[in-house]
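Participant: Sending over a structure as structure tokens; questions will come in a sec.
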Amino acid sequence: MIEKSNESLSFLQKEGIKNVRIGIVLGTGMHDLVRHIEIQKSIPYAQIPHFPTATQEFQEGILHYGTLASKKILIFQGRSHAYEGYNYFEITFFVRVFKLLGGSELILSNAAGAINLNFKKGKLMLIQDHINLQGGSPLALKNGAALGERFVDMSAPYDKELAQKTLAIAEDENISLAQGVYVAVVGPQLETAAEYRYLKIIGADAVGMSTVPEVIVARQLGIRVLALSVITDECDPDNLQPINIPEIMELAKQGQRDLIKIVKGLVASL
């Protein structure tokens, strides 16, 4: 596992990617931020040793290296998921490589369904905490101790200072920003009405199929984390509607306008 990480590191360094502090992960339908970056290098995941290739049609799988607000950044356009058949080491592999490149702050985004019906479609939620219902952990590996502390503290997985900066930016930009608990499930099927009721009972405000494994590894490695969800559907168990993929993609695009403003402001403040 360490050898694979070092091979990826060596490849990226030879491509001129070095000493990058800030990483940004773009979730489903959220690629427009790339247009705001002064890009120096773009590399498909398929060309990077040991990077899993994206199979989800709405996530391209490209690593961008460039500058935003005079800061060197890496943008991970697309991610891998358990529902694609990848294991949790593969899903979170990019986080380990990011750390080797000098990463210290990771901004994550995703599309999520609102369990809390006060949250509206097309708006953002700042993730305060999470619930892992994916049935696995990226730290549960044979010889995993070689990768870092196994018993990682998760009392505060999301960095409070980054969260306060984000809330201040949202207020200055007049952006509606909810705060809540994100629950990660495996998918790819959507939830039943009974499952949505269950998720509400256990304290979830929004549900998705990603992010949590990445946060766990980031915390193992001492990387500070900020995570935002774009609410793309409302999960009302008493009025459950069939999934509408085109609408979800359109709402992701709508929500990313505010996401871009927040990310640009946050990067500038670091």
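Ordering of the structure tokens sets the chain letters (A, B, ...), residue numbers begin anew at 1 in every chain, and ligands are numbered from 1 in the order given.
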Please provide the set of residues having any atom within 12 Å of Glu171 in chain A, restricted to only C-alpha atoms, with same-chain residues fewer than 6 positions apart removed, written as number ranges by chain.
Facilitator: A: 164-165, 177-178, 258, 261-262, 265
Participant: Find, counting only C-alpha atoms, the residue in A:Gly255, A:Gly136, A:Gly66, A:Gly103 that gets nearest to Thr232 in chain A.
Facilitator: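 For Thr232 in chain A, the nearest of the candidates is A:Gly255.
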Participant: Taking 5 positions as the minimum chain separation for residues in the same chain, which residues sit within 12 Å of His36 in chain A when counting only C-alpha atoms? Answer as number ranges by chain.
Facilitator: A: 31, 64, 66-70, 73, 75, 257, 260-261, 263-264
Participant: Print the selection's residues with C-alpha atoms to a file, as a PDB file, in the first residue's frame.
Facilitator:
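out-v2.pdb was written with the following content:
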ATOM      1  CA  HIS A  31     -17.174  20.810 -12.360  1.00  0.00           C
ATOM      2  CA  HIS A  64      -6.214  19.440 -12.070  1.00  0.00           C
ATOM      3  CA  GLY A  66      -3.177  25.054 -10.749  1.00  0.00           C
ATOM      4  CA  THR A  67      -3.656  28.319  -8.913  1.00  0.00           C
ATOM      5  CA  LEU A  68      -6.662  29.864  -7.195  1.00  0.00           C
ATOM      6  CA  ALA A  69      -6.403  33.099  -5.212  1.00  0.00           C
ATOM      7  CA  SER A  70      -2.605  32.892  -5.590  1.00  0.00           C
ATOM      8  CA  ILE A  73      -4.237  23.743  -5.360  1.00  0.00           C
ATOM      9  CA  ILE A  75      -8.762  19.721  -7.802  1.00  0.00           C
ATOM     10  CA  ARG A 257     -22.809  28.726  -8.040  1.00  0.00           C
ATOM     11  CA  ILE A 260     -17.854  28.337  -6.049  1.00  0.00           C
ATOM     12  CA  LYS A 261     -18.211  31.647  -4.198  1.00  0.00           C
ATOM     13  CA  VAL A 263     -14.624  27.882  -2.085  1.00  0.00           C
ATOM     14  CA  LYS A 264     -12.956  30.889  -3.702  1.00  0.00           C
TER      15      LYS A 264
END
Participant: Do a neighbour search on Thr211 in chain A at 12 Å with only C-alpha atoms, toss out local chain neighbours closer than 2 positions, and write the hits as a PyMOL selection string.
Facilitator: chain A and resi 24-28+78-82+88+91-92+95+106-112+127+129-134+138+157-158+182-186+207-209+213-218+225-229
Participant: Running DSSP on the backbone, which parts of range 104-147 of chain A land in helix (DSSP H, G or I), as a list in words?
Facilitator: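 After running DSSP on the backbone, range 104-147 of chain A has helix (DSSP H, G or I) at Gly144, Ala145, Ala146 and Leu147 of chain A.
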Participant: Could you please take those selected residues and save C-alpha atoms as an mmCIF file, in the first residue's frame?
Facilitator:
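Result file is part.cif:
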data_model
loop_
_atom_site.group_PDB
_atom_site.id
_atom_site.type_symbol
_atom_site.label_atom_id
_atom_site.label_comp_id
_atom_site.auth_asym_id
_atom_site.auth_seq_id
_atom_site.Cartn_x
_atom_site.Cartn_y
_atom_site.Cartn_z
ATOM 1 C CA GLY A 144 -3.212 -1.058 8.177
ATOM 2 C CA ALA A 145 -1.107 0.138 11.079
ATOM 3 C CA ALA A 146 1.672 0.853 8.579
ATOM 4 C CA LEU A 147 -0.503 3.630 7.126
#
Participant: Counting only C-alpha atoms, what is within 6 Å of range 8-21 of chain A, bar same-chain residues fewer than 3 positions away, as an MDAnalysis selection string?
Facilitator: chainID A and resid 5 49 72:73 101:104
Participant: I need the residues of range 99-168 of chain A that end up classed as strand (DSSP E or B) by DSSP on the backbone, written out as an MDAnalysis selection string.
Facilitator: chainID A and resid 105:114 124:132
Participant: Find the residue from A:Thr53, A:Gln254, A:Ser210, A:Ser269 that sits nearest to Pro188 in chain A; use only C-alpha atoms when measuring.
Facilitator: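 Once distances to Pro188 in chain A are computed over only C-alpha atoms, the minimum belongs to A:Ser210.
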Participant: Could you pull the residues within 10 Å of Glu149 in chain A, counting only C-alpha atoms, minus those fewer than 4 positions along the same chain, as a PyMOL selection string?
Facilitator: chain A and resi 139+144-145+153+219-221
Participant: May I have the selected residues written with N, CA and C atoms, as a tab-separated table (two decimals), in the first residue's frame?
Facilitator:
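Contents of out.tsv, freshly written:
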chain	number	residue	atom	x	y	z
A	139	LEU	N	-9.90	2.31	7.30
A	139	LEU	CA	-8.82	1.99	8.24
A	139	LEU	C	-8.81	0.51	8.61
A	144	GLY	N	-2.81	-2.46	8.26
A	144	GLY	CA	-3.21	-1.06	8.18
A	144	GLY	C	-2.44	-0.14	9.09
A	145	ALA	N	-1.86	-0.69	10.15
A	145	ALA	CA	-1.11	0.14	11.08
A	145	ALA	C	0.08	0.82	10.41
A	153	ASP	N	-9.26	9.39	16.32
A	153	ASP	CA	-10.28	10.15	17.05
A	153	ASP	C	-11.19	10.87	16.06
A	219	ARG	N	-8.51	12.63	8.48
A	219	ARG	CA	-8.27	12.84	9.91
A	219	ARG	C	-7.15	11.94	10.41
A	220	GLN	N	-7.05	10.73	9.88
A	220	GLN	CA	-5.93	9.86	10.24
A	220	GLN	C	-4.60	10.53	9.91
A	221	LEU	N	-4.58	11.27	8.81
A	221	LEU	CA	-3.35	11.87	8.32
A	221	LEU	C	-3.13	13.30	8.83
Participant: Could you jot down the CA of Pro44 in chain A to CA of Leu141 in chain A separation for me, Å, one decimal place?
Facilitator: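 One can read the CA of Pro44 in chain A to CA of Leu141 in chain A distance as 27.2 Å.
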Participant: List every residue of range 35-128 of chain A that has an atom at most 9 Å from any atom of range 233-244 of chain A, and for each one report the closest atom pair and its distance in Å to one decimal, counting only C-alpha atoms, with rows sorted by chain and then by increasing residue number, as a tab-separated table.
Facilitator:
residue	atom	partner	partner_atom	distance
A:Ala111	CA	A:Asp233	CA	8.9
A:Ala112	CA	A:Asp233	CA	7.1
A:Gly113	CA	A:Asp233	CA	4.8
A:Ala114	CA	A:Glu234	CA	4.7
A:Ile115	CA	A:Cys235	CA	5.3
A:Asn116	CA	A:Cys235	CA	8.0
A:Leu117	CA	A:Glu234	CA	6.5
A:Phe119	CA	A:Glu234	CA	7.8
A:Lys120	CA	A:Glu234	CA	7.1
A:Lys121	CA	A:Asp233	CA	5.6
A:Gly122	CA	A:Asp233	CA	8.2
